[in-house]
Amino acid sequence: MKKPFEIIRDLREDRDLKQKDVADYLKMSRTTYNHYELGHTALNEDIIIKLSKFYNVTPNFILNYKTENEINDVSVLKLQKMIEAENIDVDKLINLINLCKNLFKK
């Protein structure tokens, strides 16, 4: 099970952002932000909320609390990049979406 500091690192890396980009958004130094990503400094409520807004995910996602209907935002982003890279046609995309819907119903 991933820790919140691992999740925020993955979110940043999946979006090809630098620590400085996130640190600037949070109005802190890159070094301070680096401590969050390394797990040396615990994420407080304010930082979790700001990061969830920045990455357009729920605070529960960052804290790795999953509900039955919650979709893994990082996986969706990776899937989107794969679709764009492979130039998947619409029919294949529809089949893929239907497959995903069936997986998340379980």
# chains A, B, ... in the order shown; residues from 1 in each chain; ligands from 1
>>> select_by_dssp(residues="chain A", states="helix (DSSP H, G or I)", output="count of residues only")
74
>>> residues_around(residues="Leu63 in chain A", least_positions_apart="6", cutoff="10 Å", atoms="only C-alpha atoms", output="list in words")
Lys2, Lys3, Pro4, Phe5, Ile7, Ile8, Leu43 and Ile48 of chain A
>>> closest_residue(among="A:Lys101, A:Tyr33, A:Met1, A:Asn60", to="Asp21 in chain A", atoms="only C-alpha atoms")
A:Tyr33
>>> residues_around(residues="Glu37 in chain A", least_positions_apart="3", cutoff="12 Å", atoms="only C-alpha atoms", output="PyMOL selection string")
chain A and resi 3-13+18-19+22-23+30-34+40-43+47+51+62
